[in-house]
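S.K.: Supplied in structure tokens, the structure appears directly below.
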Amino acid sequence: MNPIRYSMTLLCIVLALTLAACSGVMGDETASENELACLALTHVANLTLTSAELVPATDVTPPYCYVKGLISSAISYHVQLPLPENWNGRFLQWGDGGKDGDLDFADHRVAEGYAVANSNTGHDNGSEPGSSFGLDNRQAEIDFGYRAVHLTVNAAQTVLKEYYGEGPEYSYFEGCSTGGNQGLTEAQRYPYDFDGIVAGAPVFHYQATNVSHNFMLQKVFRNNFAGNLAFDSDGNGLPDSLTKIEMLEKAVLSQCDAQDGITDGVIDDPLSCDFDAERDLAAMMCAGDVDADDCFTTTQLQTIQDIYAGPYDSKGVSILKGKAFGSEWAWANSNIPHEGNSLFPVNLSYIQNHFNYIFYEKDPGVPPPDVTDLSYVPDKTRTTPEYAWWEFDMDDVTAGRGDLMMSIFDAKDPDLTRFLVQNDGKLILYHGWSDFSPAPEPTLDYYQDVVSTTFGGSLEAARDRTRLFMVPGMGHCRGGPGPNAWDKLPPLVEWVEKGKAPDFLVATHSTDGVVDNERPLCPYPEQAVYTGPAGGANDSANWTAGNFTCQ
């Protein structure tokens, strides 16, 4: 028999047997062409694809072809492929969060016709939780820092060409937080991977952001919680009362909420907020500097000032700007240890082993058994020494001891000429002013640097290709007291494919599933100004997008 005909016959037999084995899942009908085409992807010669299967329809998605693959040495990725008749001709790389280590699905985008790819960025968090993937593993650090997303794009594009017979007409990236960092990394390092990128709350100062978390947590944990803004009201040794944070939030809102003409619990422009903790909390200081539930000590006042200022070294040299006025609502969950969060605020989860494995060129050791117990003395005599996050010295940042890792993880280059000009790409940036994780003001600074570096200082020229939306009252990627929900991708697609730049985005805030506030989000430097019925600015019935204008 002809060798080629024999190989084709053998392939058909293998496919037939595979389909027969799947008949209990797919039904008793004859295997469809879609099933055959999906299963055949495992035989692509220039990719390591470990599986391909047709996923049945659900309430969320129509049936689609699901493919998983491997990229040397440890990058696992998958691609969700709409059936050919459902594909909209577009490719989407779905961004990641935190330290990643898993495969994320974007079923809603598949239902819209996008072919979607995502990876574990080179490690599995089930076996290497947190930052531990970086233990003596420079390749894993590089994969997470920038290599995995780019190679996943390459692999996914090959899969698309094999499955659809052609590549995508347009390619997009959508991500927030770590995904925002990935989006900017792609624009800077691999400017021809995408036609459009939407990057939210980008942790582009990746190392300095984690330093910032460490700085704030050292302030509130040390000296038996002396600088903490939670108070031990029942004397059991655990801070439980959050009265101080509530007092601070009210003081800031009292000073700055109404400056935009509307009293709604949201500070639209924190940079114009005239709040001074020492001045505006003077009447709330503890008598004799003795700590109590309803007042602030001088140490706690310093904590407040430092959270707003951001981390600095022993000489007072600033490392990164701090949290914005109006973010206080999130501090109890993100920055303040108390009984309600088991002394484990969200930002501690980010840094509990960050400095053990992915800050220094040489890893200093494993974390202690309990990262909330600062009375524990790390054992330096072990074969692998112990190193605790509270040992971290801010001077190590300004001394350059983290520079190698910054070169791998950070995405701070403001020269986006290749992506925005030469590739004619489009970039939408957004960041919530009430973000409790990466501070929002550095994103504004970065955008201004892009305007200066890439467009010679012309904001008008920059806005033809990139726009920044600073979102009043939004937390980290979502949530918060201000309007914070909108579909991130359609405005980018409209801009890339039809040349229509987003003059505003309409965002909503909901309580118990009911929309109770709607505003336009305006591209920097514009802000939403109330232009509705006279005298009705503080009536929530008038908080609809049509009653505001970007000015």
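Labeling convention for the structure tokens: chains A, B, ... as they appear, residues from 1 per chain, ligands from 1 in order of appearance.
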Would you pick out the contacts of region 537-546 of chain A at 9 Å or less, using only C-alpha atoms, so that residues sharing its chain but fewer than 5 positions from it are not included, and give the list as a list in words?

M.R.: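 Within the cut-off, the hits are Gly261, Ile262, Thr263, Asp264, Val506, Ala507, Thr508, Asp516, Asn517, Glu518, Arg519, Pro520, Tyr530, Thr531 and Gly532 of chain A.
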
S.K.: Using N, CA, C and O atoms, can you write the selected residues to a file as a CSV table (one decimal), in the first residue's frame?

M.R.:
chain,number,residue,atom,x,y,z
A,261,GLY,N,-19.3,68.9,43.1
A,261,GLY,CA,-20.7,69.4,42.9
A,261,GLY,C,-21.7,68.3,43.3
A,261,GLY,O,-22.9,68.6,43.3
A,262,ILE,N,-21.3,67.1,43.7
A,262,ILE,CA,-22.2,66.0,44.0
A,262,ILE,C,-21.7,65.3,45.3
A,262,ILE,O,-20.6,65.0,45.4
A,263,THR,N,-22.6,65.2,46.2
A,263,THR,CA,-22.3,64.4,47.4
A,263,THR,C,-22.8,63.0,47.3
A,263,THR,O,-24.0,62.7,47.4
A,264,ASP,N,-21.9,62.1,46.9
A,264,ASP,CA,-22.3,60.7,46.6
A,264,ASP,C,-21.4,59.7,47.2
A,264,ASP,O,-21.4,58.5,46.8
A,506,VAL,N,-19.6,54.3,29.4
A,506,VAL,CA,-20.7,54.3,30.4
A,506,VAL,C,-20.5,53.2,31.4
A,506,VAL,O,-20.6,52.0,31.0
A,507,ALA,N,-20.4,53.6,32.6
A,507,ALA,CA,-20.2,52.6,33.7
A,507,ALA,C,-21.3,52.7,34.7
A,507,ALA,O,-21.9,53.8,34.9
A,508,THR,N,-21.6,51.6,35.4
A,508,THR,CA,-22.7,51.6,36.3
A,508,THR,C,-22.2,51.1,37.7
A,508,THR,O,-21.2,50.4,37.8
A,516,ASP,N,-27.9,51.7,40.6
A,516,ASP,CA,-28.3,52.9,41.3
A,516,ASP,C,-27.4,54.1,41.0
A,516,ASP,O,-27.6,55.2,41.6
A,517,ASN,N,-26.5,53.9,40.1
A,517,ASN,CA,-25.6,55.1,39.7
A,517,ASN,C,-25.0,54.8,38.3
A,517,ASN,O,-24.5,53.7,38.1
A,518,GLU,N,-25.1,55.7,37.4
A,518,GLU,CA,-24.6,55.5,36.1
A,518,GLU,C,-23.9,56.8,35.7
A,518,GLU,O,-24.4,57.9,35.8
A,519,ARG,N,-22.6,56.7,35.2
A,519,ARG,CA,-21.9,57.9,34.8
A,519,ARG,C,-21.1,57.6,33.5
A,519,ARG,O,-20.7,56.5,33.2
A,520,PRO,N,-20.8,58.6,32.7
A,520,PRO,CA,-19.8,58.5,31.7
A,520,PRO,C,-18.4,58.5,32.3
A,520,PRO,O,-18.1,59.4,33.2
A,530,TYR,N,-21.7,67.3,36.0
A,530,TYR,CA,-23.1,67.2,36.0
A,530,TYR,C,-23.7,68.4,35.2
A,530,TYR,O,-23.4,69.6,35.5
A,531,THR,N,-24.6,68.1,34.3
A,531,THR,CA,-25.3,69.1,33.4
A,531,THR,C,-26.7,68.8,33.3
A,531,THR,O,-27.4,69.2,32.4
A,532,GLY,N,-27.3,68.0,34.3
A,532,GLY,CA,-28.7,67.6,34.3
A,532,GLY,C,-29.6,68.7,34.9
A,532,GLY,O,-29.2,69.9,35.0

S.K.: Which residues come within 10 Å of Ser131 (chain A), counting only C-alpha atoms, excluding same-chain residues fewer than 5 positions away, as a short mmCIF file (atom, residue, chain, number, x, y, z; two decimals) with N, CA and C atoms, in the first residue's frame?

M.R.:
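See result_30.cif below for the written result:
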data_model
loop_
_atom_site.label_atom_id
_atom_site.label_comp_id
_atom_site.auth_asym_id
_atom_site.auth_seq_id
_atom_site.Cartn_x
_atom_site.Cartn_y
_atom_site.Cartn_z
N GLY A 98 -2.97 38.17 39.74
CA GLY A 98 -2.11 37.70 40.80
C GLY A 98 -0.82 37.09 40.28
N LYS A 99 -0.41 35.99 40.86
CA LYS A 99 0.79 35.28 40.41
C LYS A 99 0.42 34.19 39.41
N ASP A 100 -0.85 34.13 39.01
CA ASP A 100 -1.37 33.20 38.01
C ASP A 100 -1.08 31.76 38.41
N GLY A 101 -0.68 30.92 37.46
CA GLY A 101 -0.44 29.51 37.75
C GLY A 101 -1.63 28.62 37.44
N HIS A 123 3.88 28.06 35.23
CA HIS A 123 3.90 27.31 36.49
C HIS A 123 2.48 26.98 36.91
N ASN A 125 -0.02 26.76 40.14
CA ASN A 125 -0.08 27.20 41.53
C ASN A 125 -0.52 26.10 42.49
N GLU A 141 10.86 32.57 36.14
CA GLU A 141 10.66 34.00 36.36
C GLU A 141 10.52 34.74 35.02
N TYR A 350 -0.37 38.78 48.63
CA TYR A 350 0.50 39.06 47.50
C TYR A 350 1.98 38.97 47.86
N ILE A 351 2.32 39.35 49.10
CA ILE A 351 3.75 39.49 49.42
C ILE A 351 4.25 38.48 50.45
N GLN A 352 3.41 37.53 50.87
CA GLN A 352 3.83 36.64 51.95
C GLN A 352 5.09 35.85 51.61
N ASN A 353 5.30 35.55 50.31
CA ASN A 353 6.57 34.91 49.93
C ASN A 353 7.20 35.56 48.70
N HIS A 354 6.75 36.76 48.37
CA HIS A 354 7.27 37.46 47.20
C HIS A 354 8.77 37.71 47.32
N PHE A 355 9.19 38.22 48.48
CA PHE A 355 10.58 38.62 48.65
C PHE A 355 11.49 37.42 48.93
N ASN A 356 10.89 36.28 49.20
CA ASN A 356 11.66 35.05 49.34
C ASN A 356 12.18 34.56 47.99
N TYR A 357 11.37 34.78 46.93
CA TYR A 357 11.63 34.06 45.68
C TYR A 357 11.78 34.92 44.42
N ILE A 358 11.15 36.09 44.35
CA ILE A 358 11.17 36.79 43.05
C ILE A 358 11.50 38.28 43.16
N PHE A 359 12.20 38.69 44.22
CA PHE A 359 12.67 40.08 44.28
C PHE A 359 14.17 40.16 44.10
#

S.K.: Could you tell me how far CA of Ser72 (chain A) sits from CA of Pro364 (chain A), in Å to one decimal place?

M.R.: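 That distance, rounded to one decimal, is 27.4 Å.
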
S.K.: Restricting the calculation to only C-alpha atoms: of A:Thr417, A:Ser334, A:Ser327, A:Ser375, which residue gets closest to Asn223 (chain A)?

M.R.: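 So, comparing all the options, the nearest one is A:Ser375.
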
S.K.: Might you pull out every residue within 9 Å of Trp390 (chain A), with only C-alpha atoms counted and same-chain residues fewer than 2 positions away left off, and present them as a PyMOL selection string?

M.R.: chain A and resi 214-215+217-218+221-222+371+374+387-388+392-393

S.K.: Residues of the last selection are to be written out with N, CA and C atoms, as a CSV table (one decimal), in the first residue's frame.

M.R.:
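Now in again-v3.csv:
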chain,number,residue,atom,x,y,z
A,214,ASN,N,4.4,45.7,51.2
A,214,ASN,CA,5.3,45.3,52.3
A,214,ASN,C,5.4,46.5,53.2
A,215,PHE,N,5.7,47.6,52.7
A,215,PHE,CA,5.9,48.9,53.5
A,215,PHE,C,4.7,49.2,54.4
A,217,LEU,N,2.3,47.1,55.3
A,217,LEU,CA,2.0,46.0,56.3
A,217,LEU,C,3.0,46.0,57.4
A,218,GLN,N,4.3,46.4,57.1
A,218,GLN,CA,5.2,46.6,58.2
A,218,GLN,C,4.7,47.6,59.2
A,221,PHE,N,1.8,46.0,61.3
A,221,PHE,CA,2.0,44.8,62.1
A,221,PHE,C,3.0,45.0,63.2
A,222,ARG,N,4.0,45.9,63.0
A,222,ARG,CA,5.1,45.9,63.9
A,222,ARG,C,4.8,46.5,65.3
A,371,VAL,N,3.1,33.5,58.7
A,371,VAL,CA,3.5,34.8,58.2
A,371,VAL,C,2.8,36.0,58.9
A,374,LEU,N,4.8,38.1,63.9
A,374,LEU,CA,6.0,38.8,63.8
A,374,LEU,C,6.9,38.6,65.1
A,387,TYR,N,13.3,33.2,55.8
A,387,TYR,CA,13.3,34.6,55.6
A,387,TYR,C,11.9,35.1,55.6
A,388,ALA,N,11.6,36.1,56.4
A,388,ALA,CA,10.3,36.6,56.6
A,388,ALA,C,10.1,38.0,55.9
A,392,PHE,N,12.4,42.5,55.3
A,392,PHE,CA,12.7,43.2,54.1
A,392,PHE,C,13.1,44.7,54.4
A,393,ASP,N,14.2,45.2,53.8
A,393,ASP,CA,14.7,46.5,54.0
A,393,ASP,C,14.4,47.4,52.8

S.K.: Using only C-alpha atoms, which of A:Thr466, A:Thr152, A:Asn46, A:Thr511 sits nearest Val451 (chain A)?

M.R.: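 Using only C-alpha atoms, the shortest distance to Val451 (chain A) belongs to A:Thr466.
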
S.K.: Name the residues in contact with region 470-484 of chain A at a cut-off of 7 Å, using only C-alpha atoms, excluding same-chain residues fewer than 4 positions from it; report them as a list in words.

M.R.: Cys176, Ser177, Gly200, Ala201, Gly265, Val266, Ile267, Asp268, Gly326, Tyr430, His431, Gly432, Trp433, Ser434, Asp435, Phe436, Ser437, Ala507, Thr508, His509, Asn517, Glu518, Arg519 and Leu521 of chain A

S.K.: Just give me the gap between CA of Arg401 (chain A) and CA of Glu361 (chain A) in Å, one decimal is fine.

M.R.: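 The value is 7.6 Å.
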
S.K.: Using only C-alpha atoms, which residues sit within 8 Å of region 35-41 of chain A once same-chain residues fewer than 6 positions away are excluded, as a list of chain:residue names?

M.R.: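 Everything that qualifies: A:Leu15, A:Leu19, A:Leu49, A:Ser51, A:Ala52, A:Glu53, A:Leu54, A:Cys65, A:Tyr66, A:Val67, A:Val159, A:Glu162, A:Tyr163.
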
S.K.: With the cut-off set at 12 Å and counting only C-alpha atoms, tabulate each residue of region 105-173 of chain A with an atom at most that distance from an atom of region 187-194 of chain A, showing the nearest atom pair and its distance in Å to one decimal, ordered by chain and increasing number, as CSV.

M.R.:
residue,atom,partner,partner_atom,distance
A:Gly145,CA,A:Arg189,CA,11.2
A:Tyr146,CA,A:Arg189,CA,8.2
A:Arg147,CA,A:Arg189,CA,9.7
A:Ala148,CA,A:Tyr190,CA,11.9
A:Val149,CA,A:Tyr190,CA,9.9
A:His150,CA,A:Tyr190,CA,7.2
A:Leu151,CA,A:Asp193,CA,10.0
A:Thr152,CA,A:Asp193,CA,10.6
A:Val153,CA,A:Asp193,CA,7.2
A:Asn154,CA,A:Asp193,CA,8.3
A:Ala155,CA,A:Asp193,CA,11.8
A:Ala156,CA,A:Asp193,CA,11.4
A:Gln157,CA,A:Asp193,CA,9.9
A:Pro168,CA,A:Phe194,CA,10.7
A:Glu169,CA,A:Phe194,CA,10.7
A:Tyr170,CA,A:Phe194,CA,7.6
A:Ser171,CA,A:Phe194,CA,4.9
A:Tyr172,CA,A:Phe194,CA,5.3
A:Phe173,CA,A:Phe194,CA,6.8

S.K.: Determine which residues of region 258-486 of chain A receive a DSSP assignment of helix (DSSP H, G or I), computed from the backbone, and state them as a PyMOL selection string.

M.R.: chain A and resi 258-260+270-272+277-280+282-284+287-289+298-309+328-334+339-341+346-351+354-357+389-391+395-398+403-409+417-422+441-455+459-463

S.K.: Which neighbours of Val211 (chain A) fall inside 9 Å, counting only C-alpha atoms, when residues of the same chain fewer than 5 positions from it are skipped, and could you give them as a list in words?

M.R.: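 Near Val211 (chain A), the qualifying residues are Tyr206, Met216, Pro311, Ile319, Leu320, Ile351, Phe355, Phe392, Met394 and Val397 of chain A.
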
S.K.: Which residue gives the smallest distance to Glu441 (chain A) among A:Asp269, A:Asp294, A:Asp370, A:Asp410, with only C-alpha atoms counted?

M.R.: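 Nearest candidate to Glu441 (chain A) out of A:Asp269, A:Asp294, A:Asp370, A:Asp410: A:Asp269.
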
S.K.: Using only C-alpha atoms, determine which residues lie at most 10 Å from region 243-251 of chain A, disregarding the query and same-chain residues fewer than 4 positions distant; provide the list as a list in words.

M.R.: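 In the requested form, the answer reads Asn228, Leu229, Ala230, Phe231, Gln255, Cys256, Asp257, Gly265, Phe275, Ala277, Asp280, Leu281, Met284, Ala292, Asp293, Asp294, Cys295, Phe296, Gln300, Ile304, Phe325, Gly326, Ser327, Glu328, Trp329, Ala330, Trp331, Ala332 and Ile336 of chain A.
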
S.K.: Keeping only N, CA and C atoms, write the selected residues as a compact mmCIF listing (two decimals), in the first residue's frame.

M.R.:
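Saved file out11.txt follows:
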# COMPACT_ATOMS: atom_id res chain seq x y z
N ASN A 228 -1.41 50.10 63.87
CA ASN A 228 -2.58 49.54 63.20
C ASN A 228 -3.79 50.44 63.35
N LEU A 229 -4.67 50.42 62.38
CA LEU A 229 -5.89 51.23 62.44
C LEU A 229 -7.09 50.40 62.86
N ALA A 230 -6.84 49.19 63.34
CA ALA A 230 -7.88 48.39 63.99
C ALA A 230 -7.53 48.33 65.49
N PHE A 231 -8.55 48.31 66.34
CA PHE A 231 -8.33 48.40 67.80
C PHE A 231 -8.86 47.15 68.50
N GLN A 255 -14.20 66.40 53.67
CA GLN A 255 -13.34 67.44 53.13
C GLN A 255 -13.44 67.55 51.61
N CYS A 256 -13.67 66.42 50.91
CA CYS A 256 -13.47 66.42 49.46
C CYS A 256 -14.61 65.86 48.61
N ASP A 257 -15.60 65.19 49.20
CA ASP A 257 -16.65 64.55 48.40
C ASP A 257 -17.39 65.55 47.54
N GLY A 265 -20.47 60.08 48.09
CA GLY A 265 -19.54 59.13 48.68
C GLY A 265 -18.37 58.79 47.78
N PHE A 275 -6.89 67.38 51.60
CA PHE A 275 -6.97 66.71 52.91
C PHE A 275 -5.56 66.60 53.48
N ALA A 277 -3.87 64.97 56.85
CA ALA A 277 -4.19 64.12 58.00
C ALA A 277 -3.85 64.81 59.32
N ASP A 280 -6.49 67.75 59.62
CA ASP A 280 -7.92 67.43 59.63
C ASP A 280 -8.30 66.34 60.63
N LEU A 281 -7.30 65.68 61.21
CA LEU A 281 -7.58 64.70 62.25
C LEU A 281 -7.16 65.20 63.63
N MET A 284 -9.23 64.56 66.58
CA MET A 284 -9.51 63.15 66.85
C MET A 284 -8.31 62.41 67.43
N ALA A 292 -7.04 54.32 72.04
CA ALA A 292 -8.43 54.01 72.35
C ALA A 292 -9.16 53.76 71.04
N ASP A 293 -10.41 53.33 71.13
CA ASP A 293 -11.15 52.92 69.93
C ASP A 293 -11.54 54.09 69.05
N ASP A 294 -11.75 55.26 69.64
CA ASP A 294 -12.34 56.38 68.89
C ASP A 294 -11.36 57.53 68.69
N CYS A 295 -10.08 57.23 68.57
CA CYS A 295 -9.09 58.28 68.37
C CYS A 295 -7.84 57.70 67.71
N PHE A 296 -6.92 58.59 67.34
CA PHE A 296 -5.69 58.17 66.68
C PHE A 296 -4.48 58.53 67.54
N GLN A 300 -0.28 55.96 64.74
CA GLN A 300 -1.33 55.66 63.76
C GLN A 300 -1.48 56.80 62.76
N ILE A 304 -1.19 56.52 58.59
CA ILE A 304 -2.10 57.12 57.61
C ILE A 304 -1.32 57.96 56.60
N PHE A 325 -6.70 59.54 48.04
CA PHE A 325 -7.83 59.90 48.90
C PHE A 325 -9.11 59.32 48.30
N GLY A 326 -9.93 58.71 49.14
CA GLY A 326 -11.14 58.07 48.66
C GLY A 326 -11.02 56.56 48.58
N SER A 327 -9.82 56.03 48.89
CA SER A 327 -9.62 54.58 48.86
C SER A 327 -9.82 53.94 50.23
N GLU A 328 -10.13 54.75 51.25
CA GLU A 328 -10.17 54.26 52.63
C GLU A 328 -11.20 53.15 52.84
N TRP A 329 -12.27 53.15 52.06
CA TRP A 329 -13.31 52.14 52.20
C TRP A 329 -12.75 50.72 52.04
N ALA A 330 -11.63 50.59 51.32
CA ALA A 330 -11.07 49.27 51.02
C ALA A 330 -9.96 48.87 51.98
N TRP A 331 -9.49 49.76 52.83
CA TRP A 331 -8.30 49.47 53.63
C TRP A 331 -8.52 48.31 54.59
N ALA A 332 -9.71 48.20 55.16
CA ALA A 332 -9.95 47.14 56.15
C ALA A 332 -9.75 45.76 55.54
N ILE A 336 -5.27 46.33 56.40
CA ILE A 336 -5.34 46.38 57.86
C ILE A 336 -5.60 44.98 58.44

S.K.: Enumerate, as a PyMOL selection string, the complete set of residues in region 122-328 of chain A that a backbone-based DSSP assignment places in strand (DSSP E).

M.R.: chain A and resi 170-176+196-200

S.K.: Keeping only N, CA and C atoms, write the selected residues to a file as a short mmCIF file (atom, residue, chain, number, x, y, z; two decimals), in the first residue's frame.

M.R.:
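Contents of out-v3.cif, as written:
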data_model
loop_
_atom_site.label_atom_id
_atom_site.label_comp_id
_atom_site.auth_asym_id
_atom_site.auth_seq_id
_atom_site.Cartn_x
_atom_site.Cartn_y
_atom_site.Cartn_z
N TYR A 170 -8.23 40.24 13.14
CA TYR A 170 -7.80 41.17 14.18
C TYR A 170 -7.43 40.38 15.44
N SER A 171 -6.41 40.89 16.15
CA SER A 171 -5.97 40.25 17.39
C SER A 171 -6.00 41.27 18.53
N TYR A 172 -6.54 40.83 19.68
CA TYR A 172 -6.73 41.72 20.82
C TYR A 172 -6.19 41.11 22.11
N PHE A 173 -5.91 41.99 23.04
CA PHE A 173 -5.55 41.58 24.40
C PHE A 173 -6.46 42.30 25.38
N GLU A 174 -6.95 41.55 26.38
CA GLU A 174 -7.80 42.14 27.42
C GLU A 174 -7.34 41.61 28.78
N GLY A 175 -7.00 42.52 29.70
CA GLY A 175 -6.56 42.07 31.01
C GLY A 175 -6.54 43.19 32.02
N CYS A 176 -6.53 42.81 33.30
CA CYS A 176 -6.49 43.78 34.39
C CYS A 176 -5.54 43.26 35.47
N GLY A 196 -4.98 45.71 19.13
CA GLY A 196 -5.51 46.54 20.20
C GLY A 196 -5.32 45.88 21.54
N ILE A 197 -5.07 46.71 22.55
CA ILE A 197 -4.84 46.24 23.92
C ILE A 197 -5.67 47.07 24.88
N VAL A 198 -6.40 46.41 25.76
CA VAL A 198 -7.05 47.10 26.87
C VAL A 198 -6.41 46.59 28.14
N ALA A 199 -5.80 47.50 28.90
CA ALA A 199 -5.02 47.15 30.09
C ALA A 199 -5.56 47.93 31.28
N GLY A 200 -6.09 47.20 32.26
CA GLY A 200 -6.66 47.84 33.44
C GLY A 200 -5.78 47.69 34.65
#

S.K.: So, with only C-alpha atoms as the atoms that count, which of A:Leu103, A:Leu429, A:Val496, A:Ala462 lies closest to Cys522 (chain A)?

M.R.: A:Leu429

S.K.: Counting only C-alpha atoms, figure out which residue out of A:Asn341, A:Gln448, A:Thr443, A:Ser254 gets nearest to Thr372 (chain A).

M.R.: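 Closest candidate: A:Asn341.
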
S.K.: For a quick check of understanding, using only C-alpha atoms, which of A:Gln93, A:Leu343, A:Pro62, A:Thr178 has the smallest distance to Thr209 (chain A)?

M.R.: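 Nearest candidate to Thr209 (chain A) out of A:Gln93, A:Leu343, A:Pro62, A:Thr178: A:Thr178.
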